[in-house]
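Just below is one structure, and these are the notes that go with it.
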Amino acid sequence: MTNLFKKNSAYLMPFVFVTGVIVGAGALVSTQAMAHDIKSSVDKNIIPPFDIIKASANTDGRWATFLMELAGEAGTVTPEVTGAFRGSSVFAYVWPTKIDPSGVGFTPNSGVLALAITSHPDFDDTPLYDENNDGDPANDGKTWHAHWAVLAKDAACGAGFKVREISPGQDLVPATMPDLPIALDAPGQSPILFDNQLTVTLPVKGAEGAHFDAMTAVLNVSEENSHNPLLCVNQAHDVASGDLSFPGIIMQEGKANLTSN
């Protein structure tokens with residue numbers, strides 16, 4: 001059965017989960033997957049700051065570094081302010097991975113662990129950190145910052161998946177998670193955005209040898225208090241592999257150069 005994602009922002013197709021891999025709908029475009037990184041051609045139909053041309057990741061066994069290169073300047077487009085948490089948007093650069101969620105403190109085998117660099121000016125979900133250095137740690141949502149999130153299948157979301165809901169006292173969660181009832185962590189490491197690149201380095205267990213992919217996406221907070229899911233992935237601008245097949249491999253530092261072309 002062909003069920004692939006079309007690399008074109010005009011086709012914001014829903015995703016489905018097949019044997020643990022997120023797959024979309026559309027036509028696969030040509031990409032080059034190397035031994036450890038993923039390369040993707042420029043697509044003029046995608047806004048350049050969200051058009052992925054390369055994604056890579058490596059680890060020293062304790063810390064993992066994720067990198068994304070784009071066709072335009074990273075982080076130059078952020079969501080418009082709505083003035084409310086409900087119904088607001090989140091813009092994100094995302095690395096979905098095959099790392100088990102327990103590697104950062106979530107319940108084992110509870111979904112797809114993804115690293116996301118996000119901007120959302122209508123709320124702040126990193127209350128322990130003052131990202132914009134203005135003395136107020138509760139007004140930094142627009143400043144690009146890092147999250148670990150556990151994604152789960154949900155047909156109610158435009159792109160077919162959500163940030164998984166959690167039950168306090170039942171699900172394992174990291175100590176640095178924000179006060180939201182979803183599997184979202186705010187570990188505090190700051191991403192670096194420079195020119196057309198963005199990188200972030202965070203502690204994580206079990207990263208070496210794990211497969212990964214990369215995507216740029218729009219998430220939305222539900223408009224109603226009683227409506228679940230709370231945070232949906234509704235649009236995908238770009239997917240590095242073209243079909244979210246996770247061709248990248250997180251390599252041990254020092255080995256990556258020996259296996260790439």
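Within each chain, counting starts at residue 1; across the structure tokens, chains are named A, B, ... in the order shown, with ligands numbered 1 upward in that order.
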
Shell around Pro108 in chain A at 12 Å using only C-alpha atoms, local window under 5 positions removed, as a tab-separated table (two decimals) with C-alpha atoms, in the first residue's frame:
chain	number	residue	atom	x	y	z
A	98	LYS	CA	13.32	5.93	17.82
A	99	ILE	CA	14.84	6.66	21.24
A	100	ASP	CA	12.64	5.13	23.94
A	101	PRO	CA	10.78	7.84	25.91
A	102	SER	CA	12.34	6.46	29.11
A	103	GLY	CA	15.64	7.93	27.87
A	113	LEU	CA	9.96	10.53	21.43
A	150	VAL	CA	6.01	12.04	23.27
A	171	ASP	CA	2.70	8.13	34.05
A	172	LEU	CA	6.41	8.62	34.57
A	173	VAL	CA	7.46	12.20	33.78
A	206	GLY	CA	19.97	5.28	24.65

DSSP strand (DSSP E) residues within range 26-171 of chain A, listed as a PyMOL selection string: chain A and resi 31-33+38-40+52-59+63-70+89-96+112-119+145-153+161-163

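Comparing the minimum interatomic distances between Ala152 in chain A and each of A:Asp37, A:Glu208, A:Asp140, A:Glu165, counting only C-alpha atoms, we find that A:Glu165 sits nearest.
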
CA of Gly72 in chain A to CA of Asp195 in chain A, straight-line distance in Å: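 Value for the CA of Asp195 in chain A-CA of Gly72 in chain A distance: 7.8 Å.
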
Coordinates-based distance that separates CA of Pro187 in chain A from CA of Thr118 in chain A (Å, one decimal):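 A separation of 13.0 Å between them.
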
Please report, as a compact mmCIF listing (two decimals) with all heavy atoms, in the first residue's frame, each residue of range 47-259 of chain A to which DSSP assigns alpha helix (DSSP H) when run on this structure's backbone.
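Generated output (result14.txt):
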# COMPACT_ATOMS: atom_id res chain seq x y z
N ALA A 256 31.05 9.23 13.14
CA ALA A 256 30.22 9.75 12.07
C ALA A 256 31.03 10.00 10.81
O ALA A 256 30.60 9.66 9.70
CB ALA A 256 29.54 11.04 12.54
N ASN A 257 32.21 10.60 10.96
CA ASN A 257 33.01 10.92 9.77
C ASN A 257 33.54 9.68 9.06
O ASN A 257 33.87 9.72 7.87
CB ASN A 257 34.19 11.82 10.16
CG ASN A 257 33.74 13.19 10.58
OD1 ASN A 257 32.68 13.65 10.18
ND2 ASN A 257 34.56 13.85 11.41
N LEU A 258 33.61 8.56 9.77
CA LEU A 258 34.11 7.34 9.16
C LEU A 258 33.05 6.65 8.31
O LEU A 258 33.37 5.82 7.47
CB LEU A 258 34.58 6.37 10.26
CG LEU A 258 35.72 6.87 11.15
CD1 LEU A 258 36.02 5.83 12.22
CD2 LEU A 258 36.97 7.17 10.33
N THR A 259 31.76 7.00 8.55
CA THR A 259 30.69 6.28 7.87
C THR A 259 29.95 7.12 6.83
O THR A 259 29.15 6.63 6.09
CB THR A 259 29.66 5.78 8.88
OG1 THR A 259 29.17 6.89 9.63
CG2 THR A 259 30.27 4.76 9.82

Set the distance at 10 Å and use only C-alpha atoms: which residues neighbour Gly141 in chain A once local chain neighbours fewer than 3 positions away are removed? I'd like the list as a tab-separated table (two decimals) with C-alpha atoms, in the first residue's frame.
chain	number	residue	atom	x	y	z
A	90	VAL	CA	3.12	26.58	17.99
A	118	THR	CA	9.43	25.74	19.33
A	119	SER	CA	8.05	29.29	19.35
A	120	HIS	CA	4.59	30.21	20.73
A	121	PRO	CA	4.12	33.82	21.85
A	122	ASP	CA	0.75	33.25	23.58
A	123	PHE	CA	2.05	31.12	26.46
A	124	ASP	CA	5.21	30.18	28.32
A	125	ASP	CA	5.82	26.50	29.06
A	126	THR	CA	9.36	26.93	30.46
A	127	PRO	CA	8.61	28.72	33.76
A	130	ASP	CA	14.29	33.22	31.47
A	131	GLU	CA	15.13	32.72	27.80
A	132	ASN	CA	14.95	36.40	26.80
A	137	PRO	CA	10.76	33.81	33.40
A	138	ALA	CA	7.07	33.65	32.45
A	144	TRP	CA	12.85	29.63	20.43
A	145	HIS	CA	13.38	26.92	23.05

Contact residues around Leu180 in chain A with only C-alpha atoms at 10 Å, ignoring same-chain residues under 3 positions, as an MDAnalysis selection string: chainID A and resid 125 165:166 177 183:185 230

Could you dump the residues just selected with N, CA, C and O atoms as a PDB file, in the first residue's frame?
ATOM      1  N   ASP A 125       5.807  27.815  28.441  1.00  0.00           N
ATOM      2  CA  ASP A 125       5.825  26.498  29.061  1.00  0.00           C
ATOM      3  C   ASP A 125       7.210  26.128  29.578  1.00  0.00           C
ATOM      4  O   ASP A 125       7.528  24.953  29.753  1.00  0.00           O
ATOM      5  N   GLU A 165      -1.415  12.767  26.010  1.00  0.00           N
ATOM      6  CA  GLU A 165      -1.888  13.153  27.333  1.00  0.00           C
ATOM      7  C   GLU A 165      -1.273  12.245  28.391  1.00  0.00           C
ATOM      8  O   GLU A 165      -0.921  11.094  28.113  1.00  0.00           O
ATOM      9  N   ILE A 166      -1.159  12.752  29.611  1.00  0.00           N
ATOM     10  CA  ILE A 166      -0.621  11.965  30.716  1.00  0.00           C
ATOM     11  C   ILE A 166      -1.574  12.030  31.900  1.00  0.00           C
ATOM     12  O   ILE A 166      -2.401  12.946  31.997  1.00  0.00           O
ATOM     13  N   MET A 177       9.315  18.877  33.571  1.00  0.00           N
ATOM     14  CA  MET A 177       8.170  19.072  32.688  1.00  0.00           C
ATOM     15  C   MET A 177       7.350  20.270  33.157  1.00  0.00           C
ATOM     16  O   MET A 177       7.248  20.559  34.347  1.00  0.00           O
ATOM     17  N   ALA A 183       2.660  14.880  27.687  1.00  0.00           N
ATOM     18  CA  ALA A 183       4.031  14.376  27.798  1.00  0.00           C
ATOM     19  C   ALA A 183       4.994  15.340  27.126  1.00  0.00           C
ATOM     20  O   ALA A 183       5.447  15.130  25.996  1.00  0.00           O
ATOM     21  N   LEU A 184       5.305  16.406  27.830  1.00  0.00           N
ATOM     22  CA  LEU A 184       6.149  17.494  27.324  1.00  0.00           C
ATOM     23  C   LEU A 184       7.152  17.852  28.402  1.00  0.00           C
ATOM     24  O   LEU A 184       6.774  18.087  29.553  1.00  0.00           O
ATOM     25  N   ASP A 185       8.427  17.890  28.039  1.00  0.00           N
ATOM     26  CA  ASP A 185       9.471  18.247  28.984  1.00  0.00           C
ATOM     27  C   ASP A 185      10.127  19.549  28.559  1.00  0.00           C
ATOM     28  O   ASP A 185      10.242  19.835  27.358  1.00  0.00           O
ATOM     29  N   LEU A 230      -5.183  18.070  23.734  1.00  0.00           N
ATOM     30  CA  LEU A 230      -4.845  19.446  24.064  1.00  0.00           C
ATOM     31  C   LEU A 230      -3.942  20.073  23.007  1.00  0.00           C
ATOM     32  O   LEU A 230      -4.137  21.228  22.622  1.00  0.00           O
TER      33      LEU A 230
END

Which residues are close to range 41-53 of chain A, i.e. within 7 Å by only C-alpha atoms, leaving aside same-chain residues fewer than 6 positions away? Reply as an mmCIF file with C-alpha atoms, in the first residue's frame.
data_model
loop_
_atom_site.group_PDB
_atom_site.id
_atom_site.type_symbol
_atom_site.label_atom_id
_atom_site.label_comp_id
_atom_site.auth_asym_id
_atom_site.auth_seq_id
_atom_site.Cartn_x
_atom_site.Cartn_y
_atom_site.Cartn_z
ATOM 1 C CA ASN A 8 5.032 20.359 -0.544
ATOM 2 C CA SER A 9 3.503 22.792 1.942
ATOM 3 C CA THR A 31 16.126 12.487 -0.985
ATOM 4 C CA GLU A 69 19.963 23.052 7.985
ATOM 5 C CA LEU A 70 17.321 25.007 6.096
ATOM 6 C CA ALA A 71 16.933 26.758 2.767
ATOM 7 C CA GLY A 72 16.356 30.074 4.589
ATOM 8 C CA GLU A 73 17.318 31.756 7.844
ATOM 9 C CA ALA A 74 16.316 29.667 10.837
ATOM 10 C CA GLY A 75 13.725 30.997 13.265
ATOM 11 C CA THR A 76 12.776 34.139 11.344
ATOM 12 C CA THR A 216 8.953 21.407 10.362
ATOM 13 C CA HIS A 237 5.641 22.089 6.120
ATOM 14 C CA ASP A 238 8.451 19.656 5.317
ATOM 15 C CA ALA A 240 13.484 15.553 5.669
#
